[in-house]
file data.txt (compact mmCIF, C-alpha atoms and all ligand atoms)
# COMPACT_ATOMS: atom_id res chain seq x y z
CA MET A 1 68.47 108.33 41.72
CA ALA A 2 65.99 110.69 43.32
CA ALA A 3 65.99 114.31 42.24
CA LEU A 4 66.05 116.91 44.96
CA ALA A 5 62.77 118.39 43.88
CA ALA A 6 61.07 115.07 44.57
CA GLU A 7 58.98 114.62 47.66
CA VAL A 8 61.04 113.18 50.48
CA PRO A 9 59.59 110.62 52.87
CA ASP A 10 58.73 112.87 55.79
CA GLY A 11 56.62 115.05 53.57
CA ILE A 12 59.07 117.90 53.20
CA ARG A 13 58.96 119.11 49.61
CA LEU A 14 62.18 120.67 48.46
CA LYS A 15 61.80 123.79 46.40
CA PRO A 16 62.78 123.67 42.73
CA SER A 17 65.94 125.69 42.35
CA PRO A 18 66.76 128.28 39.69
CA THR A 19 70.43 127.46 40.13
CA PRO A 20 72.16 124.60 38.26
CA TYR A 21 72.09 122.64 41.50
CA ALA A 22 69.10 121.99 43.68
CA THR A 23 69.20 123.92 46.94
CA PHE A 24 67.94 123.65 50.47
CA ALA A 25 68.25 127.38 51.00
CA SER A 26 64.62 127.76 51.95
CA GLN A 27 64.72 124.72 54.19
CA PRO A 28 65.50 125.84 57.73
CA ALA A 29 64.84 122.21 58.68
CA PHE A 30 68.23 121.27 57.30
CA ARG A 31 70.09 123.80 59.45
CA ARG A 32 67.99 123.01 62.49
CA ARG A 33 68.52 119.27 62.24
CA LEU A 34 72.21 119.51 61.51
CA LEU A 35 72.94 121.95 64.35
CA ALA A 36 70.82 120.00 66.85
CA TRP A 37 72.74 116.86 65.92
CA TYR A 38 76.06 118.69 66.21
CA ASP A 39 75.16 120.13 69.61
CA GLU A 40 74.48 116.65 70.88
CA HIS A 41 76.99 114.48 69.04
CA ALA A 42 80.03 116.59 68.18
CA ARG A 43 83.28 115.03 69.30
CA ASP A 44 84.82 116.83 72.26
CA LEU A 45 87.97 118.16 70.58
CA PRO A 46 90.28 120.62 72.36
CA TRP A 47 90.04 123.36 69.71
CA ARG A 48 86.25 123.33 69.86
CA SER A 49 86.20 124.92 73.30
CA THR A 50 87.85 128.12 72.11
CA ARG A 51 87.31 130.98 69.70
CA ASP A 52 90.87 132.20 70.03
CA PRO A 53 91.95 132.70 66.39
CA TYR A 54 95.49 131.49 67.15
CA ARG A 55 94.18 128.16 68.41
CA VAL A 56 91.58 127.84 65.65
CA TRP A 57 94.25 128.56 63.03
CA LEU A 58 96.71 126.09 64.56
CA SER A 59 94.11 123.31 64.64
CA GLU A 60 93.05 123.98 61.05
CA ILE A 61 96.63 123.81 59.79
CA MET A 62 97.43 120.69 61.80
CA LEU A 63 94.27 118.94 60.61
CA GLN A 64 95.20 119.36 56.95
CA GLN A 65 96.23 115.87 55.77
CA THR A 66 96.50 114.55 59.34
CA ARG A 67 94.08 112.46 61.38
CA VAL A 68 92.34 114.02 64.38
CA ALA A 69 93.78 111.43 66.76
CA ALA A 70 97.33 112.29 65.70
CA VAL A 71 96.70 116.02 65.94
CA ILE A 72 95.38 116.16 69.53
CA ALA A 73 98.66 115.41 71.33
CA HIS A 74 100.66 117.66 69.00
CA TYR A 75 98.15 120.48 69.44
CA HIS A 76 98.61 120.46 73.24
CA GLU A 77 102.38 120.15 73.03
CA PHE A 78 102.69 122.91 70.43
CA LEU A 79 100.63 125.27 72.59
CA ARG A 80 102.67 124.34 75.63
CA ARG A 81 105.79 125.47 73.76
CA PHE A 82 104.27 128.43 71.89
CA SER A 83 101.25 129.61 73.83
CA THR A 84 100.74 132.80 71.78
CA VAL A 85 101.32 133.97 68.26
CA ARG A 86 104.06 136.28 69.57
CA LYS A 87 105.92 133.36 71.14
CA LEU A 88 105.62 131.43 67.89
CA ALA A 89 106.90 134.38 65.87
CA ALA A 90 109.91 134.78 68.19
CA ALA A 91 110.86 131.08 68.08
CA ARG A 92 113.71 129.64 66.02
CA GLU A 93 112.58 127.67 62.97
CA ALA A 94 114.34 124.55 64.28
CA SER A 95 112.26 124.70 67.48
CA VAL A 96 109.03 125.04 65.49
CA LEU A 97 109.95 122.10 63.28
CA ALA A 98 110.89 120.04 66.33
CA ALA A 99 107.46 120.72 67.87
CA TRP A 100 105.87 119.73 64.55
CA SER A 101 107.88 116.54 64.30
CA GLY A 102 105.64 113.54 63.72
CA LEU A 103 102.87 115.47 61.98
CA GLY A 104 104.58 115.42 58.58
CA TYR A 105 104.12 117.89 55.72
CA TYR A 106 106.59 120.27 57.32
CA ARG A 107 105.88 123.04 54.86
CA ARG A 108 102.79 123.69 56.98
CA ALA A 109 104.98 124.41 60.02
CA ARG A 110 107.21 126.76 58.05
CA MET A 111 104.20 128.65 56.69
CA LEU A 112 102.68 128.84 60.18
CA HIS A 113 105.92 130.32 61.50
CA ALA A 114 106.15 132.78 58.61
CA ALA A 115 102.52 133.87 59.07
CA ALA A 116 103.06 134.39 62.82
CA LYS A 117 105.92 136.79 62.00
CA VAL A 118 103.70 138.73 59.59
CA ILE A 119 100.90 138.95 62.19
CA VAL A 120 103.33 140.33 64.78
CA ARG A 121 105.15 142.72 62.43
CA GLN A 122 102.31 143.99 60.32
CA HIS A 123 99.24 143.53 62.54
CA ASP A 124 100.74 144.21 65.98
CA GLY A 125 100.14 140.60 67.00
CA LYS A 126 96.39 140.73 66.30
CA PHE A 127 94.77 138.34 63.86
CA PRO A 128 93.08 139.90 60.85
CA SER A 129 89.37 139.12 61.14
CA THR A 130 88.27 139.07 57.51
CA ALA A 131 88.76 136.22 55.06
CA GLU A 132 90.35 138.62 52.54
CA SER A 133 93.04 139.80 54.93
CA LEU A 134 93.57 136.30 56.34
CA GLN A 135 94.27 135.05 52.83
CA THR A 136 97.20 137.44 52.51
CA LEU A 137 99.06 135.45 55.20
CA PRO A 138 101.48 132.66 54.22
CA GLY A 139 99.87 129.22 54.10
CA ILE A 140 96.27 130.46 54.40
CA GLY A 141 94.07 129.74 51.41
CA ARG A 142 90.36 130.15 50.80
CA TYR A 143 89.24 127.26 52.97
CA THR A 144 91.43 128.11 56.00
CA ALA A 145 90.57 131.82 55.80
CA ALA A 146 86.84 131.06 55.78
CA ALA A 147 87.23 128.54 58.61
CA ILE A 148 89.06 131.02 60.87
CA ALA A 149 86.77 133.93 59.94
CA SER A 150 83.61 131.93 60.67
CA ILE A 151 84.76 129.98 63.75
CA ALA A 152 86.83 132.65 65.51
CA PHE A 153 85.09 135.83 64.32
CA GLY A 154 81.53 134.67 63.51
CA LYS A 155 81.70 135.84 59.88
CA PRO A 156 78.92 134.36 57.70
CA LEU A 157 81.20 132.40 55.40
CA ALA A 158 80.83 128.77 54.39
CA VAL A 159 83.73 126.36 53.96
CA VAL A 160 84.21 123.55 51.49
CA ASP A 161 86.73 120.85 52.25
CA GLY A 162 86.73 117.21 51.16
CA ASN A 163 84.12 116.25 53.78
CA VAL A 164 81.76 119.09 52.91
CA GLU A 165 82.14 118.35 49.21
CA ARG A 166 81.10 114.75 49.68
CA VAL A 167 78.14 115.64 51.89
CA LEU A 168 76.88 118.24 49.39
CA GLN A 169 77.25 115.87 46.47
CA ARG A 170 75.27 113.18 48.23
CA LEU A 171 72.63 115.56 49.50
CA SER A 172 72.08 116.93 46.01
CA GLY A 173 72.67 113.70 44.10
CA LYS A 174 75.03 115.56 41.78
CA ARG A 175 78.75 115.52 41.23
CA LEU A 176 79.07 119.22 41.95
CA ALA A 177 82.46 120.88 41.81
CA GLY A 178 84.28 124.17 42.13
CA GLU A 179 82.34 127.41 42.53
CA ILE A 180 78.98 125.63 42.45
CA LEU A 181 79.91 123.78 45.63
CA TRP A 182 81.00 126.99 47.37
CA ASN A 183 77.74 128.65 46.33
CA MET A 184 75.66 125.76 47.59
CA ALA A 185 77.53 125.70 50.90
CA GLY A 186 76.99 129.46 51.21
CA GLU A 187 73.25 129.12 50.61
CA LEU A 188 72.92 126.39 53.19
CA LEU A 189 74.97 128.18 55.84
CA ALA A 190 73.24 129.02 59.13
CA LYS A 191 74.26 132.66 59.29
CA SER A 192 73.39 132.93 62.98
CA ARG A 193 75.98 130.23 63.85
CA PRO A 194 78.37 130.04 60.90
CA GLY A 195 81.32 128.55 62.79
CA ASP A 196 79.20 125.79 64.35
CA PHE A 197 77.44 125.12 61.06
CA ASN A 198 80.72 124.72 59.20
CA GLN A 199 82.09 122.42 61.86
CA ALA A 200 78.85 120.46 61.84
CA MET A 201 79.07 119.88 58.08
CA MET A 202 82.67 118.70 58.41
CA GLU A 203 81.78 116.56 61.42
CA LEU A 204 78.94 114.94 59.49
CA GLY A 205 81.33 114.09 56.65
CA ALA A 206 84.02 112.80 59.02
CA THR A 207 81.83 110.64 61.26
CA VAL A 208 78.57 109.75 59.44
CA CYS A 209 78.71 110.55 55.73
CA THR A 210 82.06 108.82 55.38
CA PRO A 211 83.60 108.08 51.96
CA ARG A 212 82.91 104.35 51.59
CA THR A 213 80.28 103.37 54.13
CA PRO A 214 78.07 106.26 55.17
CA THR A 215 75.87 105.33 58.14
CA CYS A 216 72.76 106.91 56.72
CA LEU A 217 70.46 105.43 59.34
CA THR A 218 72.11 107.63 61.96
CA CYS A 219 72.23 110.72 59.73
CA PRO A 220 70.31 113.75 61.03
CA VAL A 221 69.46 114.89 57.50
CA ILE A 222 68.59 111.57 55.88
CA LYS A 223 65.09 112.79 55.13
CA LEU A 224 66.52 115.66 53.13
CA CYS A 225 69.11 113.60 51.27
CA ALA A 226 68.70 112.73 47.60
CA THR A 227 70.97 109.71 47.55
CA ARG A 228 71.16 108.17 51.04
CA GLY A 229 74.49 106.58 50.40
CA GLU A 230 74.04 105.66 46.75
CA LEU A 231 76.66 108.16 45.70
CA THR A 232 79.53 106.39 47.43
CA ALA A 233 83.09 106.75 46.24
CA ASN A 234 83.51 104.75 43.06
CA SER A 235 87.17 105.33 42.50
CA LYS A 236 89.45 102.48 43.44
CA PRO A 237 91.98 103.23 46.16
CA GLU A 238 95.46 103.80 44.83
CA PRO A 239 97.49 100.58 45.07
CA GLN A 240 100.04 100.53 47.86
CA ARG A 241 103.68 100.41 46.81
CA LYS A 242 106.39 98.56 48.73
CA ARG A 243 109.93 99.77 49.28
CA GLU A 244 112.89 98.79 51.39
CA ILE A 245 115.06 101.42 53.00
CA HIS A 246 118.25 101.10 55.08
CA TYR A 247 119.66 103.43 57.74
CA GLU A 248 122.79 103.56 59.87
CA LEU A 249 122.45 103.94 63.63
CA ILE A 250 125.73 105.28 64.99
CA CYS A 251 126.02 106.02 68.69
CA ARG A 252 128.85 107.06 71.00
CA ASN A 253 128.84 108.45 74.57
CA HIS A 254 125.14 109.41 74.66
CA GLU A 255 125.31 110.94 71.20
CA VAL A 256 123.77 109.92 67.87
CA PHE A 257 125.11 110.80 64.44
CA LEU A 258 122.51 112.59 62.25
CA THR A 259 122.46 114.03 58.77
CA GLN A 260 120.39 116.93 57.52
CA ARG A 261 118.15 116.76 54.46
CA GLY A 262 118.96 119.35 51.83
CA ARG A 263 117.30 122.77 52.09
CA ASP A 264 116.03 122.19 48.55
CA ALA A 265 114.76 118.64 49.17
CA SER A 266 111.19 118.22 47.97
CA LEU A 267 110.25 116.36 51.14
CA MET A 268 111.01 117.57 54.65
CA PRO A 269 113.78 120.03 53.68
CA GLY A 270 116.21 120.84 56.48
CA MET A 271 114.99 118.06 58.78
CA TRP A 272 117.42 115.73 60.57
CA GLU A 273 117.52 111.95 60.13
CA LEU A 274 119.80 108.93 60.41
CA PRO A 275 122.25 108.50 57.51
CA GLU A 276 120.66 106.43 54.76
CA LEU A 277 122.57 103.51 53.33
CA THR A 278 122.35 103.45 49.57
CA SER A 279 123.16 99.75 49.37
CA PRO A 280 122.17 97.29 52.09
CA LYS A 281 124.77 95.43 54.07
CA ASN A 282 125.14 91.86 52.93
CA THR A 283 126.50 90.47 56.18
CA GLY A 284 124.81 90.01 59.54
CA ASP A 285 121.35 91.00 60.63
CA PRO A 286 119.96 94.49 61.04
CA ALA A 287 119.63 95.79 64.61
CA LEU A 288 116.03 96.77 63.94
CA THR A 289 113.39 96.14 61.33
CA LEU A 290 110.24 98.20 61.31
CA ARG A 291 107.42 99.26 59.04
CA HIS A 292 106.59 102.79 58.06
CA SER A 293 103.92 104.09 55.68
CA ILE A 294 103.88 107.39 53.84
CA THR A 295 100.81 108.03 51.67
CA VAL A 296 100.74 105.07 49.23
CA THR A 297 104.16 103.60 50.01
CA ASN A 298 104.77 100.96 52.66
CA TYR A 299 108.40 100.93 53.72
CA THR A 300 110.26 98.09 55.35
CA VAL A 301 112.96 99.91 57.28
CA TYR A 302 116.22 98.15 58.16
CA VAL A 303 118.44 99.82 60.74
CA TRP A 304 122.08 98.77 60.96
CA ARG A 305 124.25 99.58 63.95
CA VAL A 306 127.67 100.67 62.74
CA ALA A 307 130.75 101.98 64.54
CA ALA A 308 131.48 105.00 62.37
CA PRO A 309 129.53 107.02 59.81
CA SER A 310 130.05 105.97 56.20
CA ARG A 311 129.90 109.62 55.18
CA ALA A 312 131.38 112.59 56.94
CA ILE A 313 128.56 115.10 56.47
CA GLY A 314 126.44 115.24 59.58
CA LYS A 315 126.69 116.02 63.26
CA TRP A 316 126.80 114.29 66.60
CA THR A 317 123.74 115.19 68.66
CA SER A 318 123.40 114.50 72.35
CA VAL A 319 120.46 112.34 73.40
CA GLU A 320 119.19 115.24 75.54
CA ARG A 321 119.09 117.56 72.51
CA LEU A 322 117.18 115.09 70.35
CA LYS A 323 113.80 116.20 71.65
CA HIS A 324 114.55 119.78 70.53
CA THR A 325 115.86 118.66 67.14
CA ALA A 326 113.70 118.83 64.02
CA LEU A 327 113.75 115.09 63.33
CA THR A 328 111.79 113.43 60.55
CA GLY A 329 108.92 111.30 61.79
CA LEU A 330 110.74 108.14 60.71
CA ALA A 331 113.97 109.13 62.52
CA ARG A 332 111.96 109.75 65.69
CA LYS A 333 110.25 106.39 65.28
CA ILE A 334 113.58 104.55 64.86
CA LEU A 335 115.15 106.28 67.86
CA ARG A 336 112.09 105.45 69.98
CA THR A 337 112.10 101.81 68.85
CA ALA A 338 115.82 101.60 69.64
CA GLY A 339 115.08 102.91 73.15
CA ILE A 340 117.24 106.02 72.64
CA ILE A 341 114.46 108.58 73.18
FE1 LIG B 401 75.36 111.19 53.71
FE2 LIG B 401 73.63 109.19 54.04
FE3 LIG B 401 73.31 111.48 55.38
FE4 LIG B 401 72.87 111.38 52.75
S1 LIG B 401 71.74 110.29 54.32
S2 LIG B 401 74.01 112.97 53.86
S3 LIG B 401 74.45 109.93 52.08
S4 LIG B 401 75.00 110.01 55.59

call {"tool": "encode", "arguments": {"input": "data.txt", "output": "structure tokens", "more": "lines below"}}
Ligand code: SF4
result
Amino acid sequence: MAALAAEVPDGIRLKPSPTPYATFASQPAFRRRLLAWYDEHARDLPWRSTRDPYRVWLSEIMLQQTRVAAVIAHYHEFLRRFSTVRKLAAAREASVLAAWSGLGYYRRARMLHAAAKVIVRQHDGKFPSTAESLQTLPGIGRYTAAAIASIAFGKPLAVVDGNVERVLQRLSGKRLAGEILWNMAGELLAKSRPGDFNQAMMELGATVCTPRTPTCLTCPVIKLCATRGELTANSKPEPQRKREIHYELICRNHEVFLTQRGRDASLMPGMWELPELTSPKNTGDPALTLRHSITVTNYTVYVWRVAAPSRAIGKWTSVERLKHTALTGLARKILRTAGII
């Protein structure tokens, strides 16, 4: 594997670095090439046309653990319902969770709501502009604080997420980790355009320097890269598990019977769903069968129409109210497949 200090094919000689990792810090070519590529090829995503910290924050939280394609529609709908941080702070939690429904990882929505309240109460509705003060808000860690500070406020702070980590490791040819990665990202940062630079690094990781098959021939920094795809992910994907799950679908007069997950449930606490059947029915056929995947588990979901709930704890919800109810993603999927919403 080539060392970074080696001469690269276009004649650019990378400087030997005094740090434990090689660095491009003295190579403006890297920043220039990356930003020129980003200016031309960046995907046209709705949160890229704004510097409003509320919108930048919302997009960053939604994009954690969720694909861009899934986020776009939710981003617009969420902003339609809560167009400002004040409106979000004043909303009921159930309304916030309902707007989040389908994105999963509902703790993010609760933290977003809690942080909005802090911004309104303690900061008069104005976003803190430094990474330090942003990190005092619920649900905002080092990465998110640096992303908001650089994109919305132009602060010269680098970010490291999974995409940036992979790009830096391949560029350097080293399995860098922790503080060394943050330092390297900080040295590379284009301080004149920190928000664009950070987004360009993440965009490169998401669209070109992808985990398994980087398309190095289209990479704007291939001539500055030590590995050119050699350092691809070598860990095997986690095996998918299979599970069957059974639910009751109970309807009467334009109402559906729902149960609420416990407030202390580890997954989706407080969300509403169809009653789960602990043992499958052994007569007849299910009304619906569908597939649902959560992380490494593939569920086969059987939905049984029954006349009355097998347990009393729950509530009848009108079909009209369902769209304002904090349903789990799977409950929403079942109700859509059944033609109820
Ligand atoms: Fe990633 Fe290939 Fe570009 Fe190197 S040349 S940064 S491995 S896409």

call {"tool": "residues_near_point", "arguments": {"input": "data.txt", "point": "(71.9, 109.0, 53.6)", "cutoff": "9 Å", "atoms": "only C-alpha atoms", "output": "JSON, numbers by chain"}}
result
{"A": [170, 171, 208, 209, 214, 215, 216, 217, 218, 219, 220, 221, 222, 223, 224, 225, 226, 227, 228, 229, 230]}

call {"tool": "residues_around", "arguments": {"input": "data.txt", "residues": "segment 280-292 of chain A", "least_positions_apart": "6", "cutoff": "7 Å", "atoms": "only C-alpha atoms", "output": "PyMOL selection string"}}
result
chain A and resi 246+298-305

call {"tool": "closest_residue", "arguments": {"input": "data.txt", "among": "A:Arg51, A:Arg336, A:His324, A:Lys191", "to": "Arg31 of chain A", "atoms": "only C-alpha atoms"}}
result
A:Lys191

call {"tool": "residues_near_point", "arguments": {"input": "data.txt", "point": "(106.8, 112.9, 62.6)", "cutoff": "6 Å", "atoms": "only C-alpha atoms", "output": "JSON, numbers by chain"}}
result
{"A": [101, 102, 103, 104, 328, 329]}

call {"tool": "closest_residue", "arguments": {"input": "data.txt", "among": "A:Asn183, A:Val120, A:Arg67, A:Thr207", "to": "ligand LIG 401 (chain B)", "atoms": "only C-alpha atoms and all ligand atoms"}}
result
A:Thr207

call {"tool": "build_atoms", "arguments": {"input": "data.txt", "residues": "segment 298-310 of chain A", "atoms": "N, CA, C and O atoms", "output": "PDB file, keeping the file's coordinate frame"}}
result
ATOM      1  N   ASN A 298     104.466 101.665  51.418  1.00  0.00           N
ATOM      2  CA  ASN A 298     104.770 100.960  52.660  1.00  0.00           C
ATOM      3  C   ASN A 298     106.261 100.624  52.665  1.00  0.00           C
ATOM      4  O   ASN A 298     106.729  99.889  51.790  1.00  0.00           O
ATOM      5  N   TYR A 299     106.967 101.166  53.640  1.00  0.00           N
ATOM      6  CA  TYR A 299     108.400 100.930  53.720  1.00  0.00           C
ATOM      7  C   TYR A 299     108.693  99.821  54.722  1.00  0.00           C
ATOM      8  O   TYR A 299     108.083  99.771  55.792  1.00  0.00           O
ATOM      9  N   THR A 300     109.632  98.951  54.361  1.00  0.00           N
ATOM     10  CA  THR A 300     110.260  98.090  55.350  1.00  0.00           C
ATOM     11  C   THR A 300     111.600  98.749  55.651  1.00  0.00           C
ATOM     12  O   THR A 300     112.407  98.970  54.744  1.00  0.00           O
ATOM     13  N   VAL A 301     111.777  99.115  56.909  1.00  0.00           N
ATOM     14  CA  VAL A 301     112.960  99.910  57.280  1.00  0.00           C
ATOM     15  C   VAL A 301     113.941  99.014  58.029  1.00  0.00           C
ATOM     16  O   VAL A 301     113.590  98.404  59.039  1.00  0.00           O
ATOM     17  N   TYR A 302     115.169  98.926  57.504  1.00  0.00           N
ATOM     18  CA  TYR A 302     116.220  98.150  58.160  1.00  0.00           C
ATOM     19  C   TYR A 302     117.215  99.136  58.773  1.00  0.00           C
ATOM     20  O   TYR A 302     117.670 100.069  58.100  1.00  0.00           O
ATOM     21  N   VAL A 303     117.507  98.923  60.043  1.00  0.00           N
ATOM     22  CA  VAL A 303     118.440  99.820  60.740  1.00  0.00           C
ATOM     23  C   VAL A 303     119.662  99.007  61.151  1.00  0.00           C
ATOM     24  O   VAL A 303     119.535  97.981  61.822  1.00  0.00           O
ATOM     25  N   TRP A 304     120.827  99.493  60.709  1.00  0.00           N
ATOM     26  CA  TRP A 304     122.080  98.770  60.960  1.00  0.00           C
ATOM     27  C   TRP A 304     122.909  99.556  61.943  1.00  0.00           C
ATOM     28  O   TRP A 304     123.161 100.747  61.737  1.00  0.00           O
ATOM     29  N   ARG A 305     123.335  98.909  63.015  1.00  0.00           N
ATOM     30  CA  ARG A 305     124.250  99.580  63.950  1.00  0.00           C
ATOM     31  C   ARG A 305     125.654  99.517  63.367  1.00  0.00           C
ATOM     32  O   ARG A 305     126.124  98.438  62.991  1.00  0.00           O
ATOM     33  N   VAL A 306     126.292 100.654  63.248  1.00  0.00           N
ATOM     34  CA  VAL A 306     127.670 100.670  62.740  1.00  0.00           C
ATOM     35  C   VAL A 306     128.520 101.523  63.682  1.00  0.00           C
ATOM     36  O   VAL A 306     128.017 102.366  64.417  1.00  0.00           O
ATOM     37  N   ALA A 307     129.837 101.310  63.601  1.00  0.00           N
ATOM     38  CA  ALA A 307     130.750 101.980  64.540  1.00  0.00           C
ATOM     39  C   ALA A 307     131.039 103.412  64.131  1.00  0.00           C
ATOM     40  O   ALA A 307     131.200 104.293  64.970  1.00  0.00           O
ATOM     41  N   ALA A 308     131.109 103.655  62.832  1.00  0.00           N
ATOM     42  CA  ALA A 308     131.480 105.000  62.370  1.00  0.00           C
ATOM     43  C   ALA A 308     130.645 105.344  61.142  1.00  0.00           C
ATOM     44  O   ALA A 308     130.285 104.459  60.359  1.00  0.00           O
ATOM     45  N   PRO A 309     130.347 106.635  60.962  1.00  0.00           N
ATOM     46  CA  PRO A 309     129.530 107.020  59.810  1.00  0.00           C
ATOM     47  C   PRO A 309     130.229 106.714  58.488  1.00  0.00           C
ATOM     48  O   PRO A 309     131.436 106.893  58.376  1.00  0.00           O
ATOM     49  N   SER A 310     129.445 106.265  57.507  1.00  0.00           N
ATOM     50  CA  SER A 310     130.050 105.970  56.200  1.00  0.00           C
ATOM     51  C   SER A 310     130.234 107.244  55.393  1.00  0.00           C
ATOM     52  O   SER A 310     130.899 107.261  54.391  1.00  0.00           O
TER      53      SER A 310
END
